[in-house]
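Visitor: Encoded as structure tokens, here's the structure I'll be asking about.
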Amino acid sequence: MRTARLSERDDAILRTIVEGYVTTARPVSSGAVAGNGAVSLSSATVRNIMRTLEERGLISQPHTSAGRIPTDRGYRYYVDYLMSPLPLPPEERERIASRVAALAGHDLGAVASRVSRMVSELTRELSVTVAPTAGGVIEHLTLLSLDGGGVLAVATASGGSSRSAVLAADRCVSAGEIEQTQGLLRVWLHGVSVGDAERVLGSRLTGSAVPMSAAAAALAADARRLFAVDDAVQVRYEGARYMFRHPEFHDHASTLGKIIDSEGALAEVVRAPAEPGTVTVRIGHENRGRGLQRMSLVVGSYRVGGGVGRIGVIGPTRMRYERLVGLVRQFSEALDSVFATRS
């Protein structure tokens with residue numbers, strides 16, 4: 001549940017605590033807040049307000065007599081209400097756009113690698129890029145009846161890639177059935193991404209007034225084989241070494257290592273529900289995966305033809321959200337601009 005808005009005075013104190021802790025990784029005292037200049041209050045008044053913020057679950061005191069640090073809820077309030085993404089300087093925006101544009105003719109796996117490296121260099125955090133796994137857009141589908149029963153299905157996707165599967169049928173499929181089914185499938189699946197083909201096919205067959213032929217039944221039963229998409233080869237990451245320099249992770253190296261060593265786990269981490277052009281922030285315990293509760297993720301998305309890719313930065317909850325949100329958004333927009341119309 002979203003925290004209700006605080007007063008301007010409370011906002012200023014919470015902002016000071018969050019930004020102070022992000023900078024120093026040390027609890028922020030009432031004296032430091034009072035001396036910050038953001039509020040004109042005595043240390044005693046600041047302590048009272050900090051006590052209220054603690055009761056609301058926005059900050060906590062790690063040790064008796066220590067200052068305060070933000071909780072996950074406090075960071076969420078900061079991101080939702082107090083933070084504005086930092087606009088990148090024009091020269092940095094132009095440099096990013098130019099470097100991404102230079103990747104236009106490259107394989108998507110190479111694009112993901114290069115972009116992850118760029119983002120990691122700029123953020124000094126772990127960067128993960130997942131290339132779209134839709135496998136392109138279906139441009140042509142051919143069915144061939146096989147002697148002795150069965151159907152050979154060949155799907156050709158944008159870029160010239162093709163995939164095929166021998167589909168089992170309970171009887172020999174006639175040429176007339178093949179022709180009728182092939183005509184329907186070409187209409188139903190033309191322009192559909194490979195990753196969406198199984199779902200679209202199932203929906204079409206369920207709602208069709210035309211009786212299902214043996215060829216259509218065979219394809220429906222084995223659609224997953226024909227339209228399978230391999231996620232693992234599309235995941236690239238850079239900057240794992242930066243994670244281990246954060247004090248938050250000194251005692252959690254083994255858990256962190258397991259996440260980094262699994263490309264599938266990394267892909268799942270950044271697969272946030274985000275529309276192209278938006279940036280999603282997930283903080284601490286908002287991440288359900290084991291070992292992720294000490295981390296935050298800033299994730300954007302971009303399009304390549306009919307597919308959607310992800311680009312994310314993973315770091316401690318004590319991260320510079322305003323900088324990272326702006327940077328991820330800039331890379332997402334640059335990738336979208338160059339690759340959205342790519343076939």
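By order in the structure tokens, chains are A, B, ...; within a chain, residues start at 1; ligands start at 1, following the order shown.
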As a PDB file with N, CA and C atoms, in the first residue's frame, please: all residues of segment 274-322 of chain A that backbone DSSP puts in strand (DSSP E or B).

Guide:
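Everything below was put into result_5.pdb:
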```pdb
ATOM      1  N   VAL A 279      10.024   3.463 -17.084  1.00  0.00           N
ATOM      2  CA  VAL A 279      11.077   2.881 -16.258  1.00  0.00           C
ATOM      3  C   VAL A 279      10.449   2.418 -14.947  1.00  0.00           C
ATOM      4  N   THR A 280      10.717   1.183 -14.567  1.00  0.00           N
ATOM      5  CA  THR A 280      10.174   0.593 -13.345  1.00  0.00           C
ATOM      6  C   THR A 280      11.283   0.485 -12.305  1.00  0.00           C
ATOM      7  N   VAL A 281      10.966   0.829 -11.057  1.00  0.00           N
ATOM      8  CA  VAL A 281      11.904   0.697  -9.951  1.00  0.00           C
ATOM      9  C   VAL A 281      11.321  -0.302  -8.954  1.00  0.00           C
ATOM     10  N   ARG A 282      12.094  -1.358  -8.651  1.00  0.00           N
ATOM     11  CA  ARG A 282      11.680  -2.325  -7.635  1.00  0.00           C
ATOM     12  C   ARG A 282      12.710  -2.298  -6.514  1.00  0.00           C
ATOM     13  N   ILE A 283      12.230  -2.173  -5.286  1.00  0.00           N
ATOM     14  CA  ILE A 283      13.109  -1.887  -4.154  1.00  0.00           C
ATOM     15  C   ILE A 283      13.031  -2.997  -3.112  1.00  0.00           C
ATOM     16  N   MET A 295      18.482  -5.780  -2.688  1.00  0.00           N
ATOM     17  CA  MET A 295      18.819  -5.109  -3.936  1.00  0.00           C
ATOM     18  C   MET A 295      17.662  -4.259  -4.452  1.00  0.00           C
ATOM     19  N   SER A 296      18.003  -3.312  -5.300  1.00  0.00           N
ATOM     20  CA  SER A 296      17.006  -2.568  -6.055  1.00  0.00           C
ATOM     21  C   SER A 296      17.296  -2.714  -7.540  1.00  0.00           C
ATOM     22  N   LEU A 297      16.238  -2.597  -8.323  1.00  0.00           N
ATOM     23  CA  LEU A 297      16.363  -2.723  -9.774  1.00  0.00           C
ATOM     24  C   LEU A 297      15.715  -1.526 -10.437  1.00  0.00           C
ATOM     25  N   VAL A 298      16.393  -1.001 -11.425  1.00  0.00           N
ATOM     26  CA  VAL A 298      15.840   0.060 -12.272  1.00  0.00           C
ATOM     27  C   VAL A 298      15.778  -0.532 -13.675  1.00  0.00           C
ATOM     28  N   VAL A 299      14.580  -0.721 -14.217  1.00  0.00           N
ATOM     29  CA  VAL A 299      14.394  -1.471 -15.455  1.00  0.00           C
ATOM     30  C   VAL A 299      13.607  -0.662 -16.475  1.00  0.00           C
ATOM     31  N   GLY A 300      14.135  -0.615 -17.693  1.00  0.00           N
ATOM     32  CA  GLY A 300      13.430  -0.007 -18.812  1.00  0.00           C
ATOM     33  C   GLY A 300      13.216  -1.037 -19.899  1.00  0.00           C
ATOM     34  N   SER A 301      12.436  -0.703 -20.894  1.00  0.00           N
ATOM     35  CA  SER A 301      12.180  -1.640 -21.993  1.00  0.00           C
ATOM     36  C   SER A 301      12.325  -0.921 -23.322  1.00  0.00           C
ATOM     37  N   TYR A 302      12.501  -1.719 -24.373  1.00  0.00           N
ATOM     38  CA  TYR A 302      12.650  -1.169 -25.718  1.00  0.00           C
ATOM     39  C   TYR A 302      12.112  -2.187 -26.704  1.00  0.00           C
ATOM     40  N   ARG A 303      11.820  -1.744 -27.899  1.00  0.00           N
ATOM     41  CA  ARG A 303      11.231  -2.617 -28.911  1.00  0.00           C
ATOM     42  C   ARG A 303      12.219  -2.918 -30.031  1.00  0.00           C
ATOM     43  N   VAL A 304      12.116  -4.149 -30.523  1.00  0.00           N
ATOM     44  CA  VAL A 304      12.780  -4.530 -31.762  1.00  0.00           C
ATOM     45  C   VAL A 304      11.725  -5.235 -32.600  1.00  0.00           C
ATOM     46  N   GLY A 307       9.061  -7.484 -30.934  1.00  0.00           N
ATOM     47  CA  GLY A 307       9.535  -7.976 -29.643  1.00  0.00           C
ATOM     48  C   GLY A 307       9.852  -6.846 -28.686  1.00  0.00           C
ATOM     49  N   VAL A 308       9.906  -7.185 -27.404  1.00  0.00           N
ATOM     50  CA  VAL A 308      10.236  -6.215 -26.358  1.00  0.00           C
ATOM     51  C   VAL A 308      11.424  -6.736 -25.570  1.00  0.00           C
ATOM     52  N   GLY A 309      12.448  -5.893 -25.444  1.00  0.00           N
ATOM     53  CA  GLY A 309      13.614  -6.242 -24.653  1.00  0.00           C
ATOM     54  C   GLY A 309      13.638  -5.459 -23.357  1.00  0.00           C
ATOM     55  N   ARG A 310      14.559  -5.803 -22.479  1.00  0.00           N
ATOM     56  CA  ARG A 310      14.692  -5.133 -21.184  1.00  0.00           C
ATOM     57  C   ARG A 310      16.135  -4.691 -20.983  1.00  0.00           C
ATOM     58  N   ILE A 311      16.268  -3.578 -20.293  1.00  0.00           N
ATOM     59  CA  ILE A 311      17.586  -3.119 -19.881  1.00  0.00           C
ATOM     60  C   ILE A 311      17.475  -2.692 -18.431  1.00  0.00           C
ATOM     61  N   GLY A 312      18.344  -3.230 -17.582  1.00  0.00           N
ATOM     62  CA  GLY A 312      18.211  -2.954 -16.162  1.00  0.00           C
ATOM     63  C   GLY A 312      19.538  -2.738 -15.467  1.00  0.00           C
ATOM     64  N   VAL A 313      19.466  -2.020 -14.348  1.00  0.00           N
ATOM     65  CA  VAL A 313      20.611  -1.822 -13.465  1.00  0.00           C
ATOM     66  C   VAL A 313      20.240  -2.427 -12.116  1.00  0.00           C
ATOM     67  N   ILE A 314      21.138  -3.247 -11.579  1.00  0.00           N
ATOM     68  CA  ILE A 314      20.919  -3.907 -10.295  1.00  0.00           C
ATOM     69  C   ILE A 314      21.982  -3.429  -9.318  1.00  0.00           C
ATOM     70  N   GLY A 315      21.549  -3.014  -8.155  1.00  0.00           N
ATOM     71  CA  GLY A 315      22.482  -2.540  -7.141  1.00  0.00           C
ATOM     72  C   GLY A 315      21.847  -2.614  -5.775  1.00  0.00           C
ATOM     73  N   PRO A 316      22.506  -2.061  -4.771  1.00  0.00           N
ATOM     74  CA  PRO A 316      21.926  -2.073  -3.425  1.00  0.00           C
ATOM     75  C   PRO A 316      20.729  -1.118  -3.360  1.00  0.00           C
TER      76      PRO A 316
END
```

Visitor: Excluding Arg163 of chain A and any residue of its chain fewer than 6 positions from it, enumerate the residues within 12 Å of it, using only C-alpha atoms, and give them as an mmCIF file with N, CA and C atoms, in the first residue's frame.

Guide:
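Wrote it out as result.cif, contents follow:
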```
data_model
loop_
_atom_site.group_PDB
_atom_site.id
_atom_site.type_symbol
_atom_site.label_atom_id
_atom_site.label_comp_id
_atom_site.auth_asym_id
_atom_site.auth_seq_id
_atom_site.Cartn_x
_atom_site.Cartn_y
_atom_site.Cartn_z
ATOM 1 N N GLY A 135 11.773 -13.785 -31.280
ATOM 2 C CA GLY A 135 12.265 -14.558 -32.404
ATOM 3 C C GLY A 135 11.894 -13.975 -33.750
ATOM 4 N N GLY A 136 11.550 -12.702 -33.800
ATOM 5 C CA GLY A 136 11.152 -12.094 -35.060
ATOM 6 C C GLY A 136 9.653 -12.234 -35.303
ATOM 7 N N ILE A 138 6.549 -13.604 -37.837
ATOM 8 C CA ILE A 138 6.267 -14.644 -38.826
ATOM 9 C C ILE A 138 5.846 -14.014 -40.148
ATOM 10 N N GLU A 139 6.559 -14.385 -41.203
ATOM 11 C CA GLU A 139 6.247 -13.866 -42.532
ATOM 12 C C GLU A 139 5.655 -14.927 -43.455
ATOM 13 N N HIS A 140 5.938 -16.203 -43.170
ATOM 14 C CA HIS A 140 5.464 -17.252 -44.066
ATOM 15 C C HIS A 140 5.345 -18.559 -43.286
ATOM 16 N N LEU A 141 4.287 -19.333 -43.555
ATOM 17 C CA LEU A 141 4.115 -20.622 -42.916
ATOM 18 C C LEU A 141 3.719 -21.648 -43.970
ATOM 19 N N THR A 142 4.465 -22.735 -44.028
ATOM 20 C CA THR A 142 4.220 -23.782 -45.031
ATOM 21 C C THR A 142 3.956 -25.101 -44.338
ATOM 22 N N LEU A 152 4.792 -31.785 -41.943
ATOM 23 C CA LEU A 152 5.986 -30.968 -41.747
ATOM 24 C C LEU A 152 5.557 -29.508 -41.796
ATOM 25 N N ALA A 153 5.839 -28.763 -40.709
ATOM 26 C CA ALA A 153 5.514 -27.334 -40.652
ATOM 27 C C ALA A 153 6.811 -26.540 -40.690
ATOM 28 N N VAL A 154 6.871 -25.527 -41.553
ATOM 29 C CA VAL A 154 8.045 -24.660 -41.668
ATOM 30 C C VAL A 154 7.575 -23.214 -41.522
ATOM 31 N N ALA A 155 8.093 -22.531 -40.510
ATOM 32 C CA ALA A 155 7.748 -21.129 -40.273
ATOM 33 C C ALA A 155 8.972 -20.271 -40.572
ATOM 34 N N THR A 156 8.808 -19.266 -41.425
ATOM 35 C CA THR A 156 9.886 -18.339 -41.761
ATOM 36 C C THR A 156 9.590 -17.005 -41.088
ATOM 37 N N ALA A 157 10.585 -16.502 -40.355
ATOM 38 C CA ALA A 157 10.411 -15.250 -39.615
ATOM 39 C C ALA A 157 11.189 -14.137 -40.284
ATOM 40 N N VAL A 194 7.052 -14.624 -33.190
ATOM 41 C CA VAL A 194 7.198 -16.046 -32.921
ATOM 42 C C VAL A 194 6.831 -16.366 -31.475
ATOM 43 N N ALA A 223 2.500 -26.936 -31.127
ATOM 44 C CA ALA A 223 2.876 -25.548 -31.430
ATOM 45 C C ALA A 223 4.082 -25.091 -30.628
ATOM 46 N N ARG A 224 4.202 -25.567 -29.421
ATOM 47 C CA ARG A 224 5.318 -25.126 -28.577
ATOM 48 C C ARG A 224 6.659 -25.514 -29.176
ATOM 49 N N ARG A 225 6.719 -26.694 -29.808
ATOM 50 C CA ARG A 225 7.974 -27.114 -30.437
ATOM 51 C C ARG A 225 8.333 -26.236 -31.617
ATOM 52 N N LEU A 226 7.328 -25.884 -32.412
ATOM 53 C CA LEU A 226 7.594 -25.091 -33.606
ATOM 54 C C LEU A 226 7.950 -23.653 -33.261
ATOM 55 N N PHE A 227 7.310 -23.102 -32.241
ATOM 56 C CA PHE A 227 7.478 -21.679 -31.930
ATOM 57 C C PHE A 227 8.283 -21.443 -30.658
ATOM 58 N N ALA A 228 9.055 -22.442 -30.241
ATOM 59 C CA ALA A 228 9.850 -22.283 -29.023
ATOM 60 C C ALA A 228 10.880 -21.182 -29.210
ATOM 61 N N VAL A 229 11.120 -20.424 -28.152
ATOM 62 C CA VAL A 229 12.097 -19.334 -28.172
ATOM 63 C C VAL A 229 13.128 -19.594 -27.092
#
```

Visitor: Could you build a table of the residues in segment 36-127 of chain A lying no more than 6 Å from segment 321-335 of chain A, giving for each the nearest pair of atoms and their separation in Å rounded to one decimal place, using only C-alpha atoms, ordered by chain and ascending residue number, as JSON lines?

Guide:
```
{"residue": "A:Ser84", "atom": "CA", "partner": "A:Glu322", "partner_atom": "CA", "distance": 5.9}
{"residue": "A:Pro85", "atom": "CA", "partner": "A:Glu322", "partner_atom": "CA", "distance": 4.2}
{"residue": "A:Leu86", "atom": "CA", "partner": "A:Arg323", "partner_atom": "CA", "distance": 5.4}
{"residue": "A:Ala97", "atom": "CA", "partner": "A:Ala334", "partner_atom": "CA", "distance": 5.4}
```

Visitor: Export, as a PDB file, in the first residue's frame, the selected residues with N, CA and C atoms.

Guide:
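Done, and the output landed in again25.pdb:
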```pdb
ATOM      1  N   SER A  84      13.235  13.385  -8.624  1.00  0.00           N
ATOM      2  CA  SER A  84      13.022  13.692 -10.041  1.00  0.00           C
ATOM      3  C   SER A  84      14.228  13.165 -10.802  1.00  0.00           C
ATOM      4  N   PRO A  85      13.993  12.340 -11.840  1.00  0.00           N
ATOM      5  CA  PRO A  85      15.133  11.821 -12.603  1.00  0.00           C
ATOM      6  C   PRO A  85      16.015  12.952 -13.102  1.00  0.00           C
ATOM      7  N   LEU A  86      17.308  12.798 -12.915  1.00  0.00           N
ATOM      8  CA  LEU A  86      18.237  13.836 -13.356  1.00  0.00           C
ATOM      9  C   LEU A  86      18.335  13.850 -14.875  1.00  0.00           C
ATOM     10  N   ALA A  97      23.210   8.259 -27.748  1.00  0.00           N
ATOM     11  CA  ALA A  97      22.451   8.047 -28.990  1.00  0.00           C
ATOM     12  C   ALA A  97      23.372   7.630 -30.122  1.00  0.00           C
TER      13      ALA A  97
END
```

Visitor: Using only C-alpha atoms, which protein or nucleic acid residues come within 12 Å of Ala168 of chain A? Drop anything in the same chain fewer than 2 positions from it, and give the result as a PyMOL selection string.

Guide: chain A and resi 145-153+165-166+170-173+214-223+225

Visitor: Enter the distance from atom CA of Ser42 of chain A to atom CA of Arg73 of chain A, in Å, rounded to one decimal.

Guide: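 Going from atom CA of Ser42 of chain A over to atom CA of Arg73 of chain A covers 25.8 Å.
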
Visitor: Return the single residue from A:Ser116, A:Asn48, A:Ser65, A:Thr23 that is closest to Ala240 of chain A, with distances computed using only C-alpha atoms.

Guide: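 Residue with the minimum atom-to-atom distance to Ala240 of chain A: A:Ser116.
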
Visitor: One decimal, Å: what's the distance from atom CA of Arg56 of chain A over to atom CA of Arg5 of chain A, could you say?

Guide: 11.6 Å

Visitor: May I ask for the distance between atom CA of Gly109 of chain A and atom CA of Gln234 of chain A, given in Å to one decimal place?

Guide: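 Interatomic distance, atom CA of Gly109 of chain A to atom CA of Gln234 of chain A: 5.6 Å.
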